[in-house]
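Colleague: Have a look at this one.
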Amino acid sequence: MARANHLISVAAGGALLVSALVPAGAVPILLPCPFKLLTGCPCPGCGLTHSVCDISHGAFAAAWSANPFGFLFYALLVTCLLWPSLEGRFPSLKTMLRSSRALIWAPPGLVAFMWAFDIARIANK
């Protein structure tokens with residue numbers, strides 16, 4: 001488990017480093033969004049990469065307009081980066097999180113909230 005935590009930490013650090021080095025406007029579109037191709041509407045994840053890059057460059061208004069959930073994902077990346085040291089420094093944190101149901105409900109809750117937000121965003125266009 002400790003090895004997985006360190007791998008996740010390295011991956012999060014890499015993502016944050018790339019987001020700091022690459023401006024949002026220079027992010028290439030590698031694969032078009034299938035949802036957007038089919039419907040013409042953005043999916044809940046559209047704009048997350050641009051949002052994270054904008055946050056790394058201090059362009060918070062641009063990040064918010066690209067996708068407001070970028071702030072949550074940025075915080076998640078920072079948390080994943082710091083987790084091995086936090087876990088070592090605060091052992092009770094690990095126990096508390098494992099006994100909490102928040103880790104079970106947070107991911108599906110976040111996805112549901114993102115879809116609800118996106119439906120509202122599409123309806124207001």
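Residue numbers start at 1 in each chain; chains themselves are named A, B, ... in the order of the structure tokens; ligands are numbered from 1 in the order shown.
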Do you know which residues are at most 12 Å from range 101-109 of chain A counting only C-alpha atoms, after dropping those on the same chain fewer than 5 positions away, and could you put them as a PyMOL selection string?
Modeller: chain A and resi 72-73+76+94+96+114-116
Colleague: Would you put the residues from that selection into a file with all heavy atoms, as a PDB file, in the first residue's frame?
Modeller:
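Dumped everything to out.pdb:
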ATOM      1  N   LEU A  72     -11.282  21.704  -7.413  1.00  0.00           N
ATOM      2  CA  LEU A  72     -11.345  20.495  -6.600  1.00  0.00           C
ATOM      3  C   LEU A  72     -10.289  19.483  -7.036  1.00  0.00           C
ATOM      4  O   LEU A  72      -9.622  18.860  -6.205  1.00  0.00           O
ATOM      5  CB  LEU A  72     -12.732  19.856  -6.693  1.00  0.00           C
ATOM      6  CG  LEU A  72     -13.862  20.595  -6.002  1.00  0.00           C
ATOM      7  CD1 LEU A  72     -15.191  19.929  -6.310  1.00  0.00           C
ATOM      8  CD2 LEU A  72     -13.631  20.628  -4.506  1.00  0.00           C
ATOM      9  N   PHE A  73     -10.134  19.327  -8.350  1.00  0.00           N
ATOM     10  CA  PHE A  73      -9.153  18.380  -8.855  1.00  0.00           C
ATOM     11  C   PHE A  73      -7.728  18.849  -8.561  1.00  0.00           C
ATOM     12  O   PHE A  73      -6.848  18.035  -8.294  1.00  0.00           O
ATOM     13  CB  PHE A  73      -9.381  18.109 -10.347  1.00  0.00           C
ATOM     14  CG  PHE A  73     -10.504  17.156 -10.580  1.00  0.00           C
ATOM     15  CD1 PHE A  73     -11.803  17.617 -10.716  1.00  0.00           C
ATOM     16  CD2 PHE A  73     -10.280  15.793 -10.623  1.00  0.00           C
ATOM     17  CE1 PHE A  73     -12.858  16.733 -10.910  1.00  0.00           C
ATOM     18  CE2 PHE A  73     -11.321  14.902 -10.809  1.00  0.00           C
ATOM     19  CZ  PHE A  73     -12.612  15.367 -10.947  1.00  0.00           C
ATOM     20  N   LEU A  76      -7.114  17.973  -5.063  1.00  0.00           N
ATOM     21  CA  LEU A  76      -6.902  16.533  -4.983  1.00  0.00           C
ATOM     22  C   LEU A  76      -5.482  16.173  -5.416  1.00  0.00           C
ATOM     23  O   LEU A  76      -4.825  15.336  -4.786  1.00  0.00           O
ATOM     24  CB  LEU A  76      -7.925  15.795  -5.845  1.00  0.00           C
ATOM     25  CG  LEU A  76      -7.824  14.277  -5.857  1.00  0.00           C
ATOM     26  CD1 LEU A  76      -8.069  13.703  -4.472  1.00  0.00           C
ATOM     27  CD2 LEU A  76      -8.816  13.698  -6.851  1.00  0.00           C
ATOM     28  N   LYS A  94      -4.869   8.759   8.773  1.00  0.00           N
ATOM     29  CA  LYS A  94      -5.097   7.547   7.990  1.00  0.00           C
ATOM     30  C   LYS A  94      -6.202   6.704   8.621  1.00  0.00           C
ATOM     31  O   LYS A  94      -7.107   6.231   7.934  1.00  0.00           O
ATOM     32  CB  LYS A  94      -3.791   6.761   7.901  1.00  0.00           C
ATOM     33  CG  LYS A  94      -3.878   5.508   7.094  1.00  0.00           C
ATOM     34  CD  LYS A  94      -2.518   4.834   7.053  1.00  0.00           C
ATOM     35  CE  LYS A  94      -2.540   3.536   6.310  1.00  0.00           C
ATOM     36  NZ  LYS A  94      -1.228   2.901   6.275  1.00  0.00           N
ATOM     37  N   MET A  96      -8.573   7.701  10.678  1.00  0.00           N
ATOM     38  CA  MET A  96      -9.839   8.423  10.606  1.00  0.00           C
ATOM     39  C   MET A  96     -10.454   8.291   9.209  1.00  0.00           C
ATOM     40  O   MET A  96     -11.647   8.036   9.072  1.00  0.00           O
ATOM     41  CB  MET A  96      -9.628   9.900  10.940  1.00  0.00           C
ATOM     42  CG  MET A  96     -10.900  10.727  10.897  1.00  0.00           C
ATOM     43  SD  MET A  96     -10.589  12.479  11.127  1.00  0.00           S
ATOM     44  CE  MET A  96      -9.807  12.910   9.600  1.00  0.00           C
ATOM     45  N   MET A 114     -21.064  16.831 -10.550  1.00  0.00           N
ATOM     46  CA  MET A 114     -20.526  17.345 -11.809  1.00  0.00           C
ATOM     47  C   MET A 114     -21.550  17.211 -12.935  1.00  0.00           C
ATOM     48  O   MET A 114     -21.708  18.119 -13.747  1.00  0.00           O
ATOM     49  CB  MET A 114     -19.229  16.612 -12.181  1.00  0.00           C
ATOM     50  CG  MET A 114     -18.042  17.026 -11.341  1.00  0.00           C
ATOM     51  SD  MET A 114     -16.545  16.104 -11.727  1.00  0.00           S
ATOM     52  CE  MET A 114     -16.142  16.770 -13.346  1.00  0.00           C
ATOM     53  N   TRP A 115     -22.246  16.066 -13.004  1.00  0.00           N
ATOM     54  CA  TRP A 115     -23.266  15.886 -14.040  1.00  0.00           C
ATOM     55  C   TRP A 115     -24.430  16.857 -13.840  1.00  0.00           C
ATOM     56  O   TRP A 115     -24.935  17.434 -14.810  1.00  0.00           O
ATOM     57  CB  TRP A 115     -23.765  14.439 -14.066  1.00  0.00           C
ATOM     58  CG  TRP A 115     -22.895  13.579 -14.909  1.00  0.00           C
ATOM     59  CD1 TRP A 115     -21.933  12.720 -14.471  1.00  0.00           C
ATOM     60  CD2 TRP A 115     -22.864  13.529 -16.339  1.00  0.00           C
ATOM     61  NE1 TRP A 115     -21.319  12.135 -15.540  1.00  0.00           N
ATOM     62  CE2 TRP A 115     -21.875  12.595 -16.698  1.00  0.00           C
ATOM     63  CE3 TRP A 115     -23.582  14.162 -17.347  1.00  0.00           C
ATOM     64  CZ2 TRP A 115     -21.577  12.298 -18.025  1.00  0.00           C
ATOM     65  CZ3 TRP A 115     -23.281  13.848 -18.662  1.00  0.00           C
ATOM     66  CH2 TRP A 115     -22.297  12.933 -18.992  1.00  0.00           C
ATOM     67  N   ALA A 116     -24.871  17.048 -12.590  1.00  0.00           N
ATOM     68  CA  ALA A 116     -25.964  17.989 -12.320  1.00  0.00           C
ATOM     69  C   ALA A 116     -25.553  19.403 -12.718  1.00  0.00           C
ATOM     70  O   ALA A 116     -26.329  20.141 -13.345  1.00  0.00           O
ATOM     71  CB  ALA A 116     -26.347  17.937 -10.839  1.00  0.00           C
TER      72      ALA A 116
END
Colleague: Would you kindly return, as JSON, numbers by chain, each protein, DNA or RNA residue with an atom no farther than 6 Å from any atom of range 18-29 of chain A, considering only C-alpha atoms and excluding same-chain residues fewer than 5 positions away?
Modeller: {"A": [50, 53, 54, 56]}
Colleague: Any idea what the distance is between CA of Leu86 in chain A and CA of Ser51 in chain A?
Modeller: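 Separation of CA of Leu86 in chain A and CA of Ser51 in chain A: 25.8 Å.
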Colleague: When you count only C-alpha atoms, which of these residues is closest to Gly45 in chain A: A:Ala11, A:Val111, A:Ala4, A:Ile122?
Modeller: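 Closest to Gly45 in chain A of all the choices is A:Val111.
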Colleague: My list of candidates is A:Pro32, A:His57, A:Gly40, A:Asp118. Which is closest to Phe69 in chain A when distances are computed with only C-alpha atoms?
Modeller: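 For Phe69 in chain A, the nearest of the candidates is A:Asp118.
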Colleague: Need to verify the contact set: Ala120 in chain A, 12 Å, only C-alpha atoms, exclusion of same-chain residues closer than 5 positions in sequence. Can you return it as a list in words?
Modeller: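 Skipping anything fewer than 5 positions along the chain leaves Cys41, Pro42, Cys43, Pro44, Phe113, Met114, Trp115 and Lys125 of chain A.
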Colleague: Those same residues - N, CA and C atoms - I'd like them written as an mmCIF file, in the first residue's frame.
Modeller:
data_model
loop_
_atom_site.group_PDB
_atom_site.id
_atom_site.type_symbol
_atom_site.label_atom_id
_atom_site.label_comp_id
_atom_site.auth_asym_id
_atom_site.auth_seq_id
_atom_site.Cartn_x
_atom_site.Cartn_y
_atom_site.Cartn_z
ATOM 1 N N CYS A 41 -22.525 19.145 -26.952
ATOM 2 C CA CYS A 41 -22.478 19.796 -25.642
ATOM 3 C C CYS A 41 -21.246 19.300 -24.881
ATOM 4 N N PRO A 42 -20.657 20.155 -24.057
ATOM 5 C CA PRO A 42 -19.493 19.715 -23.283
ATOM 6 C C PRO A 42 -19.900 18.723 -22.193
ATOM 7 N N CYS A 43 -19.020 17.788 -21.897
ATOM 8 C CA CYS A 43 -19.265 16.847 -20.805
ATOM 9 C C CYS A 43 -18.786 17.489 -19.500
ATOM 10 N N PRO A 44 -19.082 16.883 -18.353
ATOM 11 C CA PRO A 44 -18.635 17.465 -17.087
ATOM 12 C C PRO A 44 -17.121 17.607 -16.973
ATOM 13 N N PHE A 113 -22.606 15.333 -8.763
ATOM 14 C CA PHE A 113 -22.660 16.791 -8.696
ATOM 15 C C PHE A 113 -22.135 17.412 -9.983
ATOM 16 N N MET A 114 -21.064 16.831 -10.550
ATOM 17 C CA MET A 114 -20.526 17.345 -11.809
ATOM 18 C C MET A 114 -21.550 17.211 -12.935
ATOM 19 N N TRP A 115 -22.246 16.066 -13.004
ATOM 20 C CA TRP A 115 -23.266 15.886 -14.040
ATOM 21 C C TRP A 115 -24.430 16.857 -13.840
ATOM 22 N N LYS A 125 -27.539 27.611 -21.649
ATOM 23 C CA LYS A 125 -26.947 28.155 -22.895
ATOM 24 C C LYS A 125 -28.000 28.509 -23.894
#
Colleague: Using only C-alpha atoms, which residue out of A:Leu38, A:Ala112, A:Val52, A:Leu93 lies closest to Ala12 in chain A?
Modeller: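 The answer is A:Val52, which sits nearest to Ala12 in chain A.
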Colleague: Work out how far apart CA of Asn5 in chain A and CA of Val78 in chain A are and give it in Å to one decimal.
Modeller: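 CA of Asn5 in chain A sits 13.1 Å away from CA of Val78 in chain A.
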Colleague: Which residue gives the smallest distance to Ser65 in chain A among A:Leu48, A:Lys36, A:Ile119, A:Leu7, with only C-alpha atoms counted?
Modeller: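 Looking only at the distances to Ser65 in chain A, the closest residue turns out to be A:Leu48.
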Colleague: Using DSSP secondary structure from the backbone, list all alpha helix (DSSP H) positions within chain A, as a ChimeraX atom specification.
Modeller: /A:2-21,34-39,48-56,60-66,70-89,91-99,102-123
Colleague: Could you please determine the separation between CA of Pro84 in chain A and CA of Ser9 in chain A in Å, to one decimal place?
Modeller: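 It comes out at 7.2 Å.
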Colleague: Quick one: of A:Ala59, A:Ala123, A:Ser99, A:Ala15, who's nearest to Tyr74 in chain A, counting only C-alpha atoms?
Modeller: A:Ala15
